[in-house]
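> Got work-v3.txt for you, compact mmCIF, C-alpha atoms and all ligand atoms:
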```txt
# COMPACT_ATOMS: atom_id res chain seq x y z
CA MET A 238 -15.44 -20.85 5.14
CA GLY A 239 -15.51 -20.68 8.95
CA GLU A 240 -13.07 -22.82 10.96
CA LYS A 241 -16.01 -24.63 12.61
CA LEU A 242 -17.62 -25.65 9.34
CA MET A 243 -14.21 -26.69 7.99
CA ARG A 244 -13.62 -28.93 11.04
CA LYS A 245 -17.09 -30.47 10.70
CA LEU A 246 -16.58 -31.27 7.05
CA SER A 247 -13.04 -32.58 7.67
CA SER A 248 -13.77 -34.99 10.52
CA GLY A 249 -13.18 -38.59 9.60
CA SER A 250 -12.30 -37.90 5.98
CA LEU A 251 -9.16 -36.92 4.12
CA ASP A 252 -6.05 -35.56 5.81
CA PHE A 253 -6.33 -32.38 3.76
CA GLU A 254 -3.14 -30.76 5.02
CA VAL A 255 -0.79 -33.34 3.50
CA TYR A 256 -1.77 -32.35 -0.03
CA PHE A 257 -0.59 -28.76 0.26
CA SER A 258 2.74 -27.70 -1.25
CA ASP A 259 5.57 -26.83 1.14
CA LYS A 260 4.98 -23.17 0.43
CA ALA A 261 1.25 -23.42 1.08
CA GLN A 262 1.96 -25.18 4.39
CA GLU A 263 3.84 -22.07 5.45
CA MET A 264 0.91 -19.73 4.66
CA LYS A 265 -0.76 -18.77 7.92
CA ALA A 266 -3.75 -16.53 8.59
CA SER A 267 -2.67 -13.65 10.78
CA GLU A 268 -3.87 -13.88 14.37
CA ILE A 269 -4.64 -10.16 14.31
CA ARG A 270 -6.94 -10.59 11.34
CA GLU A 271 -8.89 -13.13 13.41
CA LEU A 272 -9.20 -10.62 16.24
CA LEU A 273 -10.26 -7.87 13.83
CA LYS A 274 -13.07 -10.09 12.50
CA LEU A 275 -14.64 -9.92 15.96
CA VAL A 276 -14.30 -6.15 15.95
CA GLU A 277 -16.34 -5.81 12.77
CA THR A 278 -19.41 -7.26 14.46
CA SER A 279 -19.23 -5.36 17.77
CA ASP A 280 -19.48 -1.69 18.73
CA VAL A 281 -15.72 -1.35 18.92
CA ILE A 282 -14.42 1.74 17.11
CA SER A 283 -11.99 0.31 14.60
CA LEU A 284 -9.07 2.48 13.61
CA ALA A 285 -7.51 -0.69 12.23
CA GLY A 286 -8.89 -0.95 8.72
CA GLY A 287 -7.24 0.30 5.58
CA LEU A 288 -10.40 0.95 3.63
CA PRO A 289 -11.39 4.09 1.72
CA ALA A 290 -14.70 5.62 2.86
CA PRO A 291 -17.59 4.36 0.66
CA GLU A 292 -19.00 7.92 0.72
CA THR A 293 -16.14 8.86 -1.63
CA PHE A 294 -17.12 6.39 -4.35
CA PRO A 295 -18.35 8.32 -7.43
CA VAL A 296 -21.50 6.24 -7.81
CA GLU A 297 -23.44 8.64 -10.06
CA THR A 298 -20.48 9.04 -12.42
CA ILE A 299 -20.08 5.27 -12.60
CA LYS A 300 -23.79 4.85 -13.43
CA LYS A 301 -23.53 7.43 -16.19
CA ILE A 302 -20.35 6.04 -17.72
CA THR A 303 -21.57 2.44 -17.49
CA ALA A 304 -24.78 3.22 -19.40
CA GLU A 305 -22.78 5.06 -22.05
CA ILE A 306 -20.22 2.26 -22.38
CA LEU A 307 -22.88 -0.41 -22.78
CA ASN A 308 -24.39 1.60 -25.61
CA THR A 309 -21.19 2.38 -27.43
CA HIS A 310 -18.40 -0.02 -26.40
CA ALA A 311 -20.11 -3.24 -25.26
CA ASP A 312 -18.05 -5.26 -27.75
CA LYS A 313 -14.78 -4.22 -26.07
CA ALA A 314 -16.06 -4.01 -22.49
CA LEU A 315 -17.59 -7.51 -22.39
CA GLN A 316 -14.93 -9.30 -24.40
CA TYR A 317 -11.54 -10.72 -23.35
CA GLY A 318 -8.88 -8.05 -23.60
CA THR A 319 -5.15 -8.00 -24.27
CA THR A 320 -2.87 -8.79 -21.35
CA LYS A 321 -1.28 -5.36 -21.37
CA GLY A 322 -4.68 -3.72 -21.12
CA PHE A 323 -7.18 -1.56 -23.00
CA THR A 324 -5.02 0.70 -25.17
CA PRO A 325 -7.11 3.91 -24.91
CA LEU A 326 -6.94 3.62 -21.11
CA ARG A 327 -3.17 2.97 -21.16
CA LEU A 328 -2.67 6.02 -23.37
CA ALA A 329 -4.95 8.19 -21.23
CA LEU A 330 -3.03 7.17 -18.11
CA ALA A 331 0.35 7.82 -19.75
CA ASP A 332 -0.91 11.27 -20.66
CA TRP A 333 -2.24 11.90 -17.17
CA MET A 334 1.08 10.84 -15.61
CA GLU A 335 3.03 13.10 -17.95
CA LYS A 336 0.86 16.11 -17.04
CA ARG A 337 0.71 15.40 -13.35
CA TYR A 338 4.09 13.90 -12.55
CA GLY A 339 6.32 14.99 -15.40
CA ILE A 340 7.02 11.43 -16.51
CA PRO A 341 7.40 11.61 -20.32
CA THR A 342 5.07 9.21 -22.12
CA SER A 343 7.97 8.31 -24.40
CA LYS A 344 9.86 6.81 -21.44
CA VAL A 345 7.26 4.43 -20.07
CA GLU A 346 4.94 1.74 -21.14
CA ILE A 347 1.86 0.96 -19.08
CA MET A 348 0.35 -2.39 -18.23
CA MET A 349 -2.99 -2.66 -16.45
CA VAL A 350 -3.16 -5.05 -13.49
CA ALA A 351 -5.82 -6.36 -11.09
CA GLY A 352 -4.90 -3.77 -8.44
CA SER A 353 -1.34 -2.85 -7.63
CA GLN A 354 -1.33 -5.87 -5.31
CA GLN A 355 -1.16 -8.06 -8.41
CA ALA A 356 1.79 -6.05 -9.68
CA LEU A 357 3.65 -6.85 -6.45
CA ASP A 358 3.21 -10.56 -7.07
CA ILE A 359 4.25 -10.20 -10.72
CA ILE A 360 7.36 -8.30 -9.62
CA GLY A 361 8.18 -11.17 -7.27
CA ARG A 362 7.82 -13.67 -10.13
CA VAL A 363 9.83 -11.67 -12.61
CA PHE A 364 12.67 -10.32 -10.47
CA ILE A 365 13.23 -12.39 -7.32
CA ASN A 366 15.43 -15.51 -7.21
CA PRO A 367 15.59 -17.28 -3.84
CA GLY A 368 18.21 -15.48 -1.74
CA ASP A 369 18.11 -12.21 -3.73
CA ILE A 370 18.36 -9.15 -1.53
CA VAL A 371 15.24 -6.99 -1.48
CA VAL A 372 15.45 -3.75 0.49
CA VAL A 373 12.26 -2.63 2.20
CA GLU A 374 11.30 0.19 4.52
CA GLY A 375 11.09 -0.56 8.23
CA PRO A 376 8.09 -0.56 8.57
CA THR A 377 6.61 -1.31 5.14
CA TYR A 378 3.35 -2.40 3.49
CA LEU A 379 2.54 -5.78 4.98
CA ALA A 380 0.98 -7.31 1.86
CA ALA A 381 4.09 -6.44 -0.17
CA LEU A 382 6.19 -8.42 2.30
CA ASN A 383 3.77 -11.33 1.91
CA ALA A 384 3.74 -11.11 -1.89
CA PHE A 385 7.55 -11.02 -2.14
CA LYS A 386 8.10 -13.62 0.61
CA TYR A 387 6.67 -16.34 -1.63
CA TYR A 388 9.70 -15.94 -3.90
CA GLU A 389 12.13 -16.34 -0.96
CA PRO A 390 14.17 -13.15 -0.99
CA GLU A 391 16.44 -12.05 1.84
CA PHE A 392 14.86 -8.87 3.22
CA VAL A 393 17.02 -5.97 4.33
CA SER A 394 14.99 -3.43 6.29
CA ILE A 395 16.06 0.22 6.38
CA PRO A 396 14.73 2.43 9.20
CA MET A 397 12.40 5.34 8.51
CA ASP A 398 12.04 8.83 9.94
CA ASP A 399 9.68 11.71 9.16
CA ASN A 400 11.32 12.07 5.72
CA GLY A 401 10.88 8.46 4.67
CA MET A 402 13.54 5.80 4.22
CA MET A 403 16.84 6.90 5.80
CA ILE A 404 18.92 6.94 2.66
CA ASP A 405 22.24 7.48 4.48
CA LEU A 406 21.63 4.20 6.32
CA LEU A 407 20.77 2.54 3.02
CA GLU A 408 24.07 3.76 1.60
CA GLU A 409 25.99 2.33 4.56
CA LYS A 410 24.24 -0.98 4.06
CA LEU A 411 24.96 -1.01 0.32
CA GLU A 412 28.62 -0.38 1.02
CA LYS A 413 28.71 -3.21 3.55
CA LEU A 414 26.98 -5.59 1.15
CA ARG A 415 29.39 -4.63 -1.62
CA ALA A 416 32.33 -5.44 0.68
CA GLU A 417 30.77 -8.89 1.16
CA GLY A 418 30.44 -9.31 -2.59
CA LYS A 419 26.62 -9.01 -2.44
CA LYS A 420 24.18 -6.92 -4.46
CA VAL A 421 20.66 -5.63 -3.94
CA LYS A 422 18.08 -6.66 -6.56
CA PHE A 423 15.59 -3.89 -5.82
CA VAL A 424 14.49 -1.35 -3.25
CA TYR A 425 10.75 -1.31 -2.54
CA THR A 426 9.36 1.99 -1.35
CA VAL A 427 5.92 3.45 -0.73
CA SER A 428 7.35 6.87 -1.39
CA THR A 429 4.42 9.19 -0.66
CA PHE A 430 2.13 9.06 2.41
CA GLN A 431 3.49 5.66 3.20
CA ASN A 432 1.48 2.73 4.41
CA PRO A 433 1.81 2.30 7.40
CA MET A 434 3.59 5.49 8.60
CA GLY A 435 1.97 8.22 6.49
CA VAL A 436 5.36 9.87 5.90
CA THR A 437 6.76 11.00 2.53
CA MET A 438 10.29 10.52 1.21
CA SER A 439 11.88 13.96 0.84
CA LEU A 440 12.96 15.35 -2.52
CA ASP A 441 16.68 15.10 -1.69
CA ARG A 442 16.31 11.50 -0.65
CA ARG A 443 14.41 10.66 -3.85
CA LYS A 444 17.20 12.05 -5.98
CA ARG A 445 19.88 10.37 -3.89
CA LEU A 446 18.09 7.03 -4.10
CA VAL A 447 18.16 7.18 -7.90
CA GLU A 448 21.89 8.04 -7.80
CA LEU A 449 22.54 5.09 -5.49
CA ALA A 450 20.55 2.80 -7.79
CA GLN A 451 22.91 3.78 -10.60
CA GLU A 452 26.02 3.52 -8.46
CA TYR A 453 25.18 0.13 -6.94
CA ASP A 454 23.14 -1.18 -9.87
CA PHE A 455 19.73 -2.02 -8.43
CA LEU A 456 16.10 -1.36 -9.38
CA ILE A 457 13.53 0.69 -7.50
CA VAL A 458 9.90 -0.36 -7.10
CA GLU A 459 7.91 2.78 -6.30
CA ASP A 460 4.45 1.89 -5.02
CA SER A 461 2.28 4.99 -4.88
CA PRO A 462 -1.39 4.41 -4.13
CA TYR A 463 -1.78 7.49 -1.90
CA SER A 464 0.08 10.32 -3.63
CA GLU A 465 -3.09 12.05 -4.87
CA LEU A 466 -4.55 12.24 -1.36
CA ARG A 467 -2.71 15.39 -0.23
CA TYR A 468 -4.33 17.51 2.49
CA SER A 469 -1.47 19.93 3.18
CA GLY A 470 2.00 20.84 1.89
CA GLU A 471 3.33 20.98 -1.66
CA PRO A 472 3.24 18.10 -4.18
CA ILE A 473 6.53 16.32 -4.74
CA PRO A 474 7.48 14.51 -7.97
CA PRO A 475 7.59 10.72 -7.87
CA ILE A 476 10.99 8.99 -7.84
CA LYS A 477 10.13 7.81 -11.34
CA HIS A 478 10.37 11.45 -12.46
CA PHE A 479 14.14 11.37 -11.78
CA ASP A 480 14.75 8.09 -13.60
CA ASP A 481 16.53 8.40 -16.96
CA GLU A 482 17.56 4.78 -17.34
CA GLY A 483 14.38 2.79 -16.70
CA ARG A 484 15.43 1.57 -13.24
CA VAL A 485 12.21 2.65 -11.54
CA ILE A 486 9.08 0.53 -11.79
CA TYR A 487 6.12 2.69 -10.81
CA LEU A 488 2.87 1.27 -9.45
CA GLY A 489 -0.37 3.25 -9.56
CA THR A 490 -3.92 2.28 -8.67
CA PHE A 491 -7.54 3.36 -9.02
CA SER A 492 -8.33 2.00 -5.56
CA LYS A 493 -8.02 5.27 -3.64
CA ILE A 494 -9.05 7.73 -6.37
CA PHE A 495 -11.97 5.82 -7.88
CA ALA A 496 -13.11 2.61 -6.17
CA PRO A 497 -11.13 -0.46 -5.04
CA GLY A 498 -13.98 -2.71 -6.20
CA PHE A 499 -12.82 -2.29 -9.79
CA ARG A 500 -9.55 -4.01 -8.84
CA LEU A 501 -7.60 -1.93 -11.29
CA GLY A 502 -4.06 -0.64 -11.05
CA TRP A 503 -1.19 -0.07 -13.43
CA VAL A 504 2.54 -0.54 -13.81
CA ALA A 505 4.52 2.19 -15.57
CA ALA A 506 7.98 0.96 -16.50
CA HIS A 507 10.51 0.49 -19.26
CA PRO A 508 8.96 -1.51 -22.15
CA HIS A 509 11.59 -4.22 -21.67
CA PHE A 510 10.40 -4.88 -18.13
CA ILE A 511 6.73 -4.56 -19.13
CA ARG A 512 7.20 -7.23 -21.79
CA LYS A 513 8.35 -9.82 -19.26
CA MET A 514 5.70 -8.80 -16.73
CA GLU A 515 3.08 -9.19 -19.45
CA ILE A 516 4.15 -12.77 -20.07
CA ALA A 517 3.98 -13.46 -16.32
CA LYS A 518 0.50 -11.92 -16.12
CA GLN A 519 -0.81 -14.05 -19.00
CA ALA A 520 -0.51 -17.11 -16.77
CA LEU A 521 -2.23 -15.37 -13.86
CA ASP A 522 -5.48 -14.10 -15.35
CA LEU A 523 -5.05 -13.44 -19.11
CA CYS A 524 -6.07 -9.80 -18.64
CA ALA A 525 -7.34 -7.34 -16.05
CA ASN A 526 -11.13 -6.88 -15.99
CA PRO A 527 -11.96 -5.32 -19.42
CA PHE A 528 -15.35 -3.93 -18.33
CA GLY A 529 -13.69 -1.98 -15.54
CA GLN A 530 -10.91 -0.84 -17.85
CA VAL A 531 -13.32 0.66 -20.39
CA ILE A 532 -15.15 2.49 -17.57
CA ALA A 533 -11.82 3.68 -16.13
CA TRP A 534 -10.82 4.94 -19.58
CA LYS A 535 -13.86 7.26 -19.72
CA TYR A 536 -13.26 8.24 -16.11
CA VAL A 537 -9.71 9.41 -16.89
CA ALA A 538 -10.08 10.65 -20.47
CA ASP A 539 -13.28 12.68 -19.90
CA GLY A 540 -11.86 14.51 -16.89
CA TYR A 541 -13.95 12.86 -14.16
CA LEU A 542 -10.81 11.75 -12.31
CA ASP A 543 -9.43 15.28 -12.05
CA GLU A 544 -12.79 16.50 -10.81
CA HIS A 545 -13.11 13.72 -8.27
CA ILE A 546 -9.73 13.94 -6.52
CA PRO A 547 -10.45 17.31 -4.81
CA ARG A 548 -13.75 15.88 -3.49
CA VAL A 549 -11.96 12.94 -1.89
CA ILE A 550 -9.44 15.31 -0.35
CA GLU A 551 -12.20 17.51 1.01
CA PHE A 552 -13.82 14.47 2.58
CA TYR A 553 -10.67 13.06 4.22
CA LYS A 554 -8.89 16.21 5.38
CA PRO A 555 -11.22 16.88 8.37
CA ARG A 556 -10.74 13.25 9.42
CA ARG A 557 -6.94 13.57 9.31
CA ASP A 558 -7.21 16.82 11.27
CA ALA A 559 -9.59 15.24 13.80
CA MET A 560 -7.17 12.41 14.49
CA LEU A 561 -4.18 14.71 14.91
CA GLU A 562 -6.17 16.94 17.27
CA ALA A 563 -7.40 13.99 19.32
CA LEU A 564 -3.87 12.55 19.61
CA GLU A 565 -2.62 15.94 20.80
CA GLU A 566 -5.44 16.22 23.31
CA TYR A 567 -5.43 12.73 24.82
CA MET A 568 -2.13 10.90 24.38
CA PRO A 569 0.01 10.62 27.51
CA GLU A 570 3.62 11.79 27.61
CA GLY A 571 6.12 9.48 25.96
CA VAL A 572 3.83 8.65 23.01
CA LYS A 573 4.90 9.89 19.56
CA TRP A 574 3.08 9.93 16.25
CA THR A 575 3.61 10.99 12.65
CA LYS A 576 1.90 14.06 11.18
CA PRO A 577 1.14 13.07 7.59
CA ASP A 578 0.34 15.58 4.86
CA GLY A 579 -1.86 13.01 3.18
CA GLY A 580 -2.81 9.37 2.74
CA MET A 581 -4.82 7.27 5.15
CA PHE A 582 -2.63 6.44 8.14
CA ILE A 583 -0.92 7.77 11.25
CA TRP A 584 1.83 5.78 12.96
CA VAL A 585 2.07 5.80 16.72
CA THR A 586 5.15 4.84 18.74
CA LEU A 587 4.73 3.97 22.42
CA PRO A 588 7.44 3.86 25.07
CA GLU A 589 9.82 0.87 24.85
CA GLY A 590 8.60 -2.13 26.77
CA ILE A 591 4.98 -1.98 25.59
CA ASP A 592 3.96 -4.72 23.17
CA THR A 593 1.04 -3.42 21.08
CA LYS A 594 0.11 -6.93 19.99
CA LEU A 595 -0.36 -7.99 23.60
CA MET A 596 -2.16 -4.73 24.34
CA MET A 597 -4.70 -5.29 21.57
CA GLU A 598 -7.06 -7.47 23.60
CA LYS A 599 -7.26 -4.81 26.32
CA ALA A 600 -7.95 -2.15 23.71
CA VAL A 601 -10.75 -4.18 22.14
CA ALA A 602 -12.23 -4.69 25.62
CA LYS A 603 -12.22 -0.90 26.01
CA GLY A 604 -13.91 -0.47 22.60
CA VAL A 605 -11.13 0.50 20.21
CA ALA A 606 -8.97 -1.38 17.69
CA TYR A 607 -5.75 -0.62 15.79
CA VAL A 608 -3.19 -2.63 13.83
CA PRO A 609 -0.16 -3.62 15.93
CA GLY A 610 2.99 -2.50 14.13
CA GLU A 611 5.06 -5.68 14.42
CA ALA A 612 3.84 -7.32 11.19
CA PHE A 613 4.90 -4.30 9.12
CA PHE A 614 8.55 -5.02 9.91
CA ALA A 615 10.24 -7.63 7.71
CA HIS A 616 11.94 -9.16 10.76
CA ARG A 617 9.07 -8.50 13.21
CA ASP A 618 11.58 -6.98 15.60
CA VAL A 619 9.73 -3.84 16.73
CA LYS A 620 6.93 -4.29 19.28
CA ASN A 621 5.88 -0.83 20.49
CA THR A 622 4.19 0.68 17.42
CA MET A 623 0.71 0.75 15.86
CA ARG A 624 -1.06 1.95 12.71
CA LEU A 625 -4.19 4.05 12.92
CA ASN A 626 -6.51 4.68 9.98
CA PHE A 627 -8.39 7.97 9.74
CA THR A 628 -10.34 7.60 6.48
CA TYR A 629 -13.02 5.10 7.36
CA VAL A 630 -14.74 6.36 10.51
CA PRO A 631 -16.28 9.83 10.98
CA GLU A 632 -14.70 12.59 13.06
CA GLU A 633 -16.72 12.04 16.28
CA LYS A 634 -15.76 8.38 16.31
CA ILE A 635 -12.13 9.16 15.62
CA HIS A 636 -12.20 11.47 18.61
CA GLU A 637 -13.82 8.91 20.89
CA GLY A 638 -11.61 6.08 19.55
CA VAL A 639 -8.38 7.97 20.22
CA LYS A 640 -9.65 8.92 23.70
CA ARG A 641 -10.31 5.26 24.54
CA LEU A 642 -6.95 4.24 23.12
CA ALA A 643 -5.13 6.88 25.14
CA GLY A 644 -6.75 5.49 28.28
CA VAL A 645 -5.47 1.98 27.52
CA ILE A 646 -1.98 3.29 26.77
CA GLU A 647 -1.90 5.30 29.97
CA GLU A 648 -2.57 2.14 31.95
CA GLU A 649 0.16 0.26 30.08
CA ILE A 650 2.67 3.01 30.74
CA LYS A 651 1.80 2.89 34.45
CA ALA A 652 2.16 -0.90 34.43
CA ILE A 653 5.68 -0.83 32.93
CA LYS A 654 6.74 1.86 35.42
CA ASP A 655 5.52 -0.16 38.43
C1 LIG B 701 1.23 0.47 -0.30
C2 LIG B 701 0.13 -0.28 -0.96
N1 LIG B 701 0.39 -0.91 -2.11
C3 LIG B 701 -0.57 -1.61 -2.74
C4 LIG B 701 -1.84 -1.69 -2.24
C5 LIG B 701 -2.86 -2.50 -2.98
O1 LIG B 701 -3.72 -1.71 -3.65
P1 LIG B 701 -4.68 -2.22 -4.82
O2 LIG B 701 -6.06 -2.02 -4.32
O3 LIG B 701 -4.34 -1.36 -5.98
O4 LIG B 701 -4.35 -3.65 -5.08
C6 LIG B 701 -2.16 -1.03 -1.05
C7 LIG B 701 -3.52 -1.11 -0.51
O5 LIG B 701 -3.84 -0.79 0.58
C8 LIG B 701 -1.14 -0.31 -0.39
O6 LIG B 701 -1.36 0.32 0.77
```
Represent the supplied structure as structure tokens.

Amino acid sequence: MGEKLMRKLSSGSLDFEVYFSDKAQEMKASEIRELLKLVETSDVISLAGGLPAPETFPVETIKKITAEILNTHADKALQYGTTKGFTPLRLALADWMEKRYGIPTSKVEIMMVAGSQQALDIIGRVFINPGDIVVVEGPTYLAALNAFKYYEPEFVSIPMDDNGMMIDLLEEKLEKLRAEGKKVKFVYTVSTFQNPMGVTMSLDRRKRLVELAQEYDFLIVEDSPYSELRYSGEPIPPIKHFDDEGRVIYLGTFSKIFAPGFRLGWVAAHPHFIRKMEIAKQALDLCANPFGQVIAWKYVADGYLDEHIPRVIEFYKPRRDAMLEALEEYMPEGVKWTKPDGGMFIWVTLPEGIDTKLMMEKAVAKGVAYVPGEAFFAHRDVKNTMRLNFTYVPEEKIHEGVKRLAGVIEEEIKAIKD
């Protein structure tokens, strides 16, 4: 509901705010989201979104599978399902993960969730006590911070470079915490083609992270929605691949390799952890959408998924290339950016002294939008960064958008020099 309508309906009646819980009182809509709403209705080129391109949705396949399912499996597809999910789909996914990632099916159990976003909330419920230390990447996925925040952890943010989380700095921090008698509950990482930076944790760091988890006794939450979207370079096994003890909780999703509208993701973890997460999920929604799960089962088991991934890659690669080329061509000196091998995002760092949140209004006035980087940091202590998305708008617009953005940045750089 719009603010205006809400005000109209509220005037002279209840004091609605007083009924909210303390935690709900703290929930605030982001001011950037409000600004981005305006962008959607104007001719501003938005490099801000995080959406897959609708052109990649396998509509014909979905039509075909849906007709088939309604003929043969309507009883399962239209009925309530079990909380853990539709067993043939869970088995097909376990199989797929074993083939693709070398994660033995015997070592994991899979639970289906309403998008991996739901898994983040369930993880908060199941693992975080107020004051528990949760390590995140700096920057990290904004909606994971928001999901965890509800359970009142203490965030420790570890800086990133082109090879992902700086594991040597994590080790220093762990040592310091140990000296203070404190322990980390879990490390949250978007290990491959990270949101928001686009970078990938190197193989050495993955292995070292698992060793540290054993040494300092913490869990790892590996959130991996982008790992199949690789446009260059060699595939790298997930952290979960190196986990012999069950310390790694892996999150996968159909959002970027099928369609986010299904709201379907999965958790692959030790059965002991899955059991508790299942109980937590029961109270949330009983089960993830069974209709979607039966469709997703056919999509995976009949080989459509493996056929579809290369098509998505073919569609996105020119867009990634276009953005990198445009950045190279237009960005003024002193601006740096990541060069991702995959995923959906590029991270841009401007010279110190520029606040990208304050710059946003000027950018929108010049016809381009981005996401200011500040909100991706647990302590909101970095001001000169931004996230650009390259999957949603076509190449020509990417080119023009980056050109406009470079113009705005050039002016800002001049202004801080004067
Ligand atoms: C790192 C990360 N985790 C989780 C999600 C949520 O994905 P889903 O659509 O599976 O809920 C996203 C979506 O953008 C994401 O970037």
> Have a look at A:Glu254, A:Asp405, A:Glu565, A:Glu374 and name the one nearest to ligand LIG 701 (chain B); count all atoms listed in the file.
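Checking each of A:Glu254, A:Asp405, A:Glu565, A:Glu374 against ligand LIG 701 (chain B), counting all atoms listed in the file, the winner is A:Glu374.
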> Could you list, as a list in words, all the residues within 7 Å of ligand LIG 701 (chain B), counting all atoms listed in the file?
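Counting all atoms listed in the file, the residues within 7 Å of ligand LIG 701 (chain B) come out as Gly287, Ala351, Gly352, Ser353, Gln354, Gln355, Tyr378, Ala381, Val427, Gln431, Asn432, Asp460, Ser461, Pro462, Thr490, Phe491, Ser492, Pro497, Arg500, Leu501 and Gly502 of chain A.
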> Write out as a PyMOL selection string the residues lying within 6 Å of A:Tyr468, counting only C-alpha atoms and excluding same-chain residues fewer than 2 positions away.
chain A and resi 554+578-579
> Please, which residues in stretch 255-304 of chain A fall within 9 Å of stretch 534-537 of chain A when counting only C-alpha atoms, and what is the closest atom pair and distance in Å to one decimal for each, ordered by chain then residue number, as JSON lines?

```
{"residue": "A:Thr298", "atom": "CA", "partner": "A:Tyr536", "partner_atom": "CA", "distance": 8.1}
{"residue": "A:Ile299", "atom": "CA", "partner": "A:Tyr536", "partner_atom": "CA", "distance": 8.2}
{"residue": "A:Ile302", "atom": "CA", "partner": "A:Lys535", "partner_atom": "CA", "distance": 6.9}
```
> For A:Ile516, which residue among A:Asn621, A:Val421, A:Phe294, A:Val363 is the nearest when counting all atoms listed in the file?
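The closest residue to A:Ile516 is A:Val363.
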> Identify which of the residues A:Val504, A:Ala450, A:Leu379, A:Ile494 lies closest to A:Pro291, counting all atoms listed in the file when measuring atom-to-atom distances.
A:Ile494
> List the neighbours of A:Tyr338 out to 8 Å using all atoms listed in the file; skip same-chain residues closer than 3 positions along the sequence, and give me the result as a ChimeraX atom specification.
/A:334-335,474-475,478
> Write the residues you've just listed into a file as a PDB file, in the coordinates of the input, and include C-alpha atoms for each of them.

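Contents of again_19.pdb, freshly written:
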```
ATOM      1  CA  MET A 334       1.080  10.840 -15.610  1.00  0.00           C
ATOM      2  CA  GLU A 335       3.030  13.100 -17.950  1.00  0.00           C
ATOM      3  CA  PRO A 474       7.480  14.510  -7.970  1.00  0.00           C
ATOM      4  CA  PRO A 475       7.590  10.720  -7.870  1.00  0.00           C
ATOM      5  CA  HIS A 478      10.370  11.450 -12.460  1.00  0.00           C
TER       6      HIS A 478
END
```
> Using only C-alpha atoms, find each residue in stretch 636-655 of chain A having at least one atom no more than 9 Å away from stretch 599-616 of chain A; report its shortest atom-to-atom pair and that distance in Å (one decimal), rows by chain then rising number, as a Markdown table.

```
| residue | atom | partner | partner_atom | distance |
| --- | --- | --- | --- | --- |
| A:Glu637 | CA | A:Val605 | CA | 8.9 |
| A:Gly638 | CA | A:Val605 | CA | 5.6 |
| A:Val639 | CA | A:Val605 | CA | 8.0 |
| A:Arg641 | CA | A:Val605 | CA | 6.5 |
| A:Leu642 | CA | A:Val605 | CA | 6.3 |
| A:Gly644 | CA | A:Lys603 | CA | 8.7 |
| A:Val645 | CA | A:Ala600 | CA | 6.1 |
| A:Ile646 | CA | A:Ala600 | CA | 8.6 |
```
> Between A:Lys573, A:Lys386, A:Lys265, A:Arg557, which is the closest to A:Pro631 once you count all atoms listed in the file?
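Residue with the minimum atom-to-atom distance to A:Pro631: A:Arg557.
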> Could you list as a PyMOL selection string every residue that has an atom within 12 Å of (9.1, -0.7, -11.0), using the file's coordinates and counting only C-alpha atoms?
chain A and resi 345-348+353+356-357+359-361+363-364+422-427+455-461+475-477+480+482-489+503-511+514
> What does the distance from atom CA of A:Leu284 to atom CA of A:Gly470 come to in Å, to one decimal?
24.4 Å
> Smallest atom-to-atom distance to A:Pro325: which of A:Gly401, A:Gly590, A:Pro527, A:Gly368, using all atoms listed in the file?
A:Pro527
